[in-house]
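Participant: The file below is entry36.pdb, PDB, C-alpha atoms:
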ATOM      1  CA  MET B   3     -33.664 -10.677 -35.164
ATOM      2  CA  LYS B   4     -29.983 -10.753 -36.182
ATOM      3  CA  LEU B   5     -29.824  -6.997 -35.841
ATOM      4  CA  PHE B   6     -31.358  -7.144 -32.371
ATOM      5  CA  THR B   7     -28.947  -9.905 -31.258
ATOM      6  CA  GLY B   8     -26.035  -7.961 -32.719
ATOM      7  CA  LEU B   9     -27.055  -4.799 -30.852
ATOM      8  CA  ILE B  10     -27.313  -6.674 -27.550
ATOM      9  CA  PHE B  11     -23.924  -8.323 -28.121
ATOM     10  CA  CYS B  12     -22.275  -4.990 -29.010
ATOM     11  CA  SER B  13     -23.778  -3.243 -26.006
ATOM     12  CA  LEU B  14     -22.514  -5.992 -23.691
ATOM     13  CA  VAL B  15     -19.017  -5.864 -25.201
ATOM     14  CA  LEU B  16     -18.895  -2.074 -25.002
ATOM     15  CA  GLY B  17     -20.187  -2.129 -21.441
ATOM     16  CA  VAL B  18     -17.476  -4.560 -20.348
ATOM     17  CA  ASN B  19     -14.818  -2.536 -22.169
ATOM     18  CA  SER B  20     -15.934   0.699 -20.524
ATOM     19  CA  GLN B  21     -15.676  -0.967 -17.111
ATOM     20  CA  TRP B  22     -12.084  -1.968 -17.883
ATOM     21  CA  TYR B  23     -11.281   1.537 -19.075
ATOM     22  CA  SER B  24     -12.646   3.024 -15.873
ATOM     23  CA  PHE B  25     -10.713   0.460 -13.802
ATOM     24  CA  PHE B  26      -7.445   1.403 -15.488
ATOM     25  CA  GLY B  27      -8.250   5.101 -15.145
ATOM     26  CA  GLU B  28      -8.945   4.649 -11.428
ATOM     27  CA  ALA B  29      -5.726   2.651 -11.065
ATOM     28  CA  ALA B  30      -3.697   5.407 -12.737
ATOM     29  CA  GLN B  31      -5.297   8.084 -10.557
ATOM     30  CA  GLY B  32      -4.760   5.932  -7.467
ATOM     31  CA  ALA B  33      -1.104   5.454  -8.363
ATOM     32  CA  TRP B  34      -0.803   9.233  -8.707
ATOM     33  CA  ASP B  35      -2.384   9.690  -5.258
ATOM     34  CA  MET B  36       0.140   7.256  -3.791
ATOM     35  CA  TRP B  37       3.021   9.043  -5.530
ATOM     36  CA  ARG B  38       1.831  12.400  -4.216
ATOM     37  CA  ALA B  39       1.596  11.090  -0.641
ATOM     38  CA  TYR B  40       5.087   9.598  -0.780
ATOM     39  CA  SER B  41       6.476  12.788  -2.319
ATOM     40  CA  ASP B  42       4.861  14.825   0.454
ATOM     41  CA  MET B  43       6.317  12.437   3.029
ATOM     42  CA  ARG B  44       9.825  12.964   1.689
ATOM     43  CA  GLU B  45       9.323  16.726   1.426
ATOM     44  CA  ALA B  46       7.892  17.037   4.935
ATOM     45  CA  ASN B  47      10.681  14.917   6.446
ATOM     46  CA  TYR B  48       8.752  15.090   9.720
ATOM     47  CA  LYS B  49       9.462  12.689  12.550
ATOM     48  CA  ASP B  50       6.907   9.873  12.933
ATOM     49  CA  ALA B  51       4.798  11.116  10.005
ATOM     50  CA  ASP B  52       5.382   8.161   7.670
ATOM     51  CA  LYS B  53       2.359   6.212   8.949
ATOM     52  CA  TYR B  54       0.120   9.209   8.265
ATOM     53  CA  PHE B  55       1.357   9.512   4.688
ATOM     54  CA  HIS B  56       0.961   5.766   4.116
ATOM     55  CA  ALA B  57      -2.620   5.922   5.389
ATOM     56  CA  ARG B  58      -3.376   9.100   3.403
ATOM     57  CA  GLY B  59      -2.030   7.730   0.127
ATOM     58  CA  ASN B  60      -3.983   4.488   0.484
ATOM     59  CA  TYR B  61      -7.127   6.349   1.540
ATOM     60  CA  ASN B  62      -7.011   8.777  -1.398
ATOM     61  CA  ALA B  63      -6.306   6.009  -3.905
ATOM     62  CA  THR B  64      -9.113   3.830  -2.567
ATOM     63  CA  GLN B  65     -11.583   6.709  -2.884
ATOM     64  CA  ARG B  66     -11.066   6.517  -6.677
ATOM     65  CA  GLY B  67     -12.805   3.152  -6.859
ATOM     66  CA  PRO B  68     -11.815  -0.507  -7.312
ATOM     67  CA  GLY B  69      -8.930   0.375  -9.643
ATOM     68  CA  GLY B  70      -7.507   2.819  -7.126
ATOM     69  CA  ALA B  71      -7.815   0.301  -4.303
ATOM     70  CA  TRP B  72      -5.991  -2.265  -6.420
ATOM     71  CA  ALA B  73      -3.202   0.218  -7.219
ATOM     72  CA  ALA B  74      -2.855   1.151  -3.541
ATOM     73  CA  LYS B  75      -2.487  -2.492  -2.513
ATOM     74  CA  VAL B  76       0.018  -3.294  -5.265
ATOM     75  CA  ILE B  77       2.149  -0.214  -4.602
ATOM     76  CA  SER B  78       2.089  -0.689  -0.810
ATOM     77  CA  ASP B  79       3.030  -4.350  -1.125
ATOM     78  CA  LEU B  80       5.839  -3.585  -3.585
ATOM     79  CA  ARG B  81       7.239  -0.916  -1.300
ATOM     80  CA  GLU B  82       7.079  -3.248   1.680
ATOM     81  CA  ASN B  83       8.724  -6.123  -0.183
ATOM     82  CA  SER B  84      11.501  -3.907  -1.522
ATOM     83  CA  GLN B  85      12.095  -2.699   2.041
ATOM     84  CA  ARG B  86      12.440  -6.314   3.205
ATOM     85  CA  VAL B  87      14.972  -7.051   0.459
ATOM     86  CA  THR B  88      16.957  -3.948   1.391
ATOM     87  CA  ASP B  89      16.898  -4.992   5.051
ATOM     88  CA  PHE B  90      18.123  -8.459   4.108
ATOM     89  CA  PHE B  91      21.126  -7.178   2.168
ATOM     90  CA  ARG B  92      21.950  -4.517   4.744
ATOM     91  CA  HIS B  93      21.427  -6.995   7.580
ATOM     92  CA  GLY B  94      18.663  -4.882   9.115
ATOM     93  CA  SER B  95      20.697  -1.688   9.304
ATOM     94  CA  SER B  96      18.236   0.404   7.285
ATOM     95  CA  GLY B  97      16.260   1.265  10.410
ATOM     96  CA  HIS B  98      13.153  -0.493   9.132
ATOM     97  CA  GLY B  99      12.699  -3.539  11.304
ATOM     98  CA  ALA B 100       9.830  -5.988  11.449
ATOM     99  CA  GLU B 101       7.964  -3.834  13.974
ATOM    100  CA  ASP B 102       8.115  -0.773  11.711
ATOM    101  CA  SER B 103       7.029  -2.848   8.708
ATOM    102  CA  LYS B 104       4.037  -4.179  10.634
ATOM    103  CA  ALA B 105       3.055  -0.639  11.656
ATOM    104  CA  ASP B 106       3.390   0.525   8.038
ATOM    105  CA  GLN B 107       1.090  -2.277   6.878
ATOM    106  CA  GLU B 108      -1.462  -1.400   9.555
ATOM    107  CA  ALA B 109      -1.463   2.215   8.352
ATOM    108  CA  ASN B 110      -1.842   1.041   4.737
ATOM    109  CA  GLU B 111      -4.788  -1.181   5.623
ATOM    110  CA  TRP B 112      -6.328   1.592   7.748
ATOM    111  CA  GLY B 113      -6.306   3.929   4.743
ATOM    112  CA  ARG B 114      -7.606   1.287   2.318
ATOM    113  CA  SER B 115     -10.494   0.505   4.665
ATOM    114  CA  GLY B 116     -11.771   4.077   4.261
ATOM    115  CA  LYS B 117     -10.953   5.188   7.795
ATOM    116  CA  ASP B 118      -9.698   8.714   8.416
ATOM    117  CA  PRO B 119      -5.914   8.881   7.823
ATOM    118  CA  ASN B 120      -5.647  11.756  10.323
ATOM    119  CA  HIS B 121      -5.667   9.074  13.014
ATOM    120  CA  PHE B 122      -1.926   8.722  12.247
ATOM    121  CA  ARG B 123      -1.219  12.439  11.827
ATOM    122  CA  PRO B 124       1.522  13.549  14.242
ATOM    123  CA  ALA B 125       0.990  16.680  16.312
ATOM    124  CA  GLY B 126       2.667  19.710  14.784
ATOM    125  CA  LEU B 127       2.726  18.484  11.173
ATOM    126  CA  PRO B 128       2.239  21.627   9.022
ATOM    127  CA  ASP B 129      -1.248  22.119   7.553
ATOM    128  CA  LYS B 130       0.255  22.003   4.045
ATOM    129  CA  TYR B 131       0.248  18.229   4.391
TER
END
Please lay out the structure from this file as structure tokens.
Facilitator:
Amino acid sequence: MKLFTGLIFCSLVLGVNSQWYSFFGEAAQGAWDMWRAYSDMREANYKDADKYFHARGNYNATQRGPGGAWAAKVISDLRENSQRVTDFFRHGSSGHGAEDSKADQEANEWGRSGKDPNHFRPAGLPDKY
């Protein structure tokens, strides 16, 4: 009986641990997806393409699972908050006003909801992206 109870306890502990490992793995992969989207955005340097890259990064990260969705939300929120701090110290001269921030957040949420990020893709953006 002790052996049986011990086996059940160990299997429960290992099962919970494996879920945490997969969550952290998904989060790391999601963070990489976000990094790749932002790197592509900077490389493309294409007018009005930032919303597409925000949506794409969030979409790809969320496809990884709950860990990826968590990473996408954390990274998007950190980026948005750092932008607000920069705007505060530069007195809004960074070119990222409240309207642009709201549009960025809508694109982030669009991607995290699983909707197609190509909705935000500007005409003429090279197929590489």
Participant: Can you work out which one of B:Arg44, B:Lys53, B:Arg38, B:Arg123 has the shortest atom-to-atom distance to B:Ala105, counting only C-alpha atoms?
Facilitator: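 Smallest separation from B:Ala105 among the options: B:Lys53.
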Participant: Identify all residues satisfying the PyMOL selection byres ((chain B and resi 65-74) around 7) in the given file; provide them as a list of chain:residue names.
Facilitator: B:Phe25, B:Phe26, B:Glu28, B:Ala29, B:Gln31, B:Gly32, B:Ala33, B:Met36, B:Asn60, B:Tyr61, B:Asn62, B:Ala63, B:Thr64, B:Lys75, B:Val76, B:Ile77, B:Ser78, B:Arg114
Participant: Pick the closest to B:Lys104 from B:Glu82, B:Asp35, B:Asp52, B:Asp129: which is it, counting only C-alpha atoms?
Facilitator: B:Glu82
Participant: Pick out the closest residue to B:Glu45 from this set: B:Ala109, B:Ala30, B:Leu127, B:Ala100. Count all atoms listed in the file.
Facilitator: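 Of the candidates, the smallest distance to B:Glu45 is held by B:Leu127.
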Participant: Smallest atom-to-atom distance to B:Glu111: which of B:Gly126, B:Phe90, B:Tyr131, B:His56, using all atoms listed in the file?
Facilitator: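 Once distances to B:Glu111 are computed over all atoms listed in the file, the minimum belongs to B:His56.
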Participant: Could you check how far atom CA of B:Ser103 sits from atom CA of B:Asn83, in Å to one decimal?
Facilitator: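 Here the two named atoms are 9.6 Å from each other.
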Participant: Write out as a PyMOL selection string each polymer residue whose atoms come within 7 Å of B:Tyr54, counting all atoms listed in the file; drop sequence neighbours fewer than 4 positions from it.
Facilitator: chain B and resi 58+119-120+122-123
Participant: Calculate how many Å separate atom CA of B:Phe55 from atom CA of B:Met43, rounding to one decimal.
Facilitator: 6.0 Å
Participant: Assuming 6 Å of padding per side, give the centre and edge lengths of the axis-aligned box around every listed atom of stretch 69-74 of chain B, in Å to one decimal and as JSON.
Facilitator:
{"center_x": -5.9, "center_y": 0.3, "center_z": -6.6, "size_x": 18.1, "size_y": 17.1, "size_z": 18.1}
Participant: Go ahead and compute the interatomic distance for atom CA of B:Asp106 and atom CA of B:Ala57, in Å to one decimal.
Facilitator: 8.5 Å
Participant: For each of B:Asp42, B:Arg81, B:Asp50, B:Gly59, take the minimum atom-to-atom distance to B:Trp112, counting only C-alpha atoms, then give the residue where this is smallest.
Facilitator: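 Nearest candidate to B:Trp112 out of B:Asp42, B:Arg81, B:Asp50, B:Gly59: B:Gly59.
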Participant: In terms of the shortest atom-to-atom distance over all atoms listed in the file, which of B:Trp34, B:Tyr23, B:Glu108, B:Ala51 is closest to B:Pro128?
Facilitator: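 Closest residue, counting all atoms listed in the file: B:Ala51.
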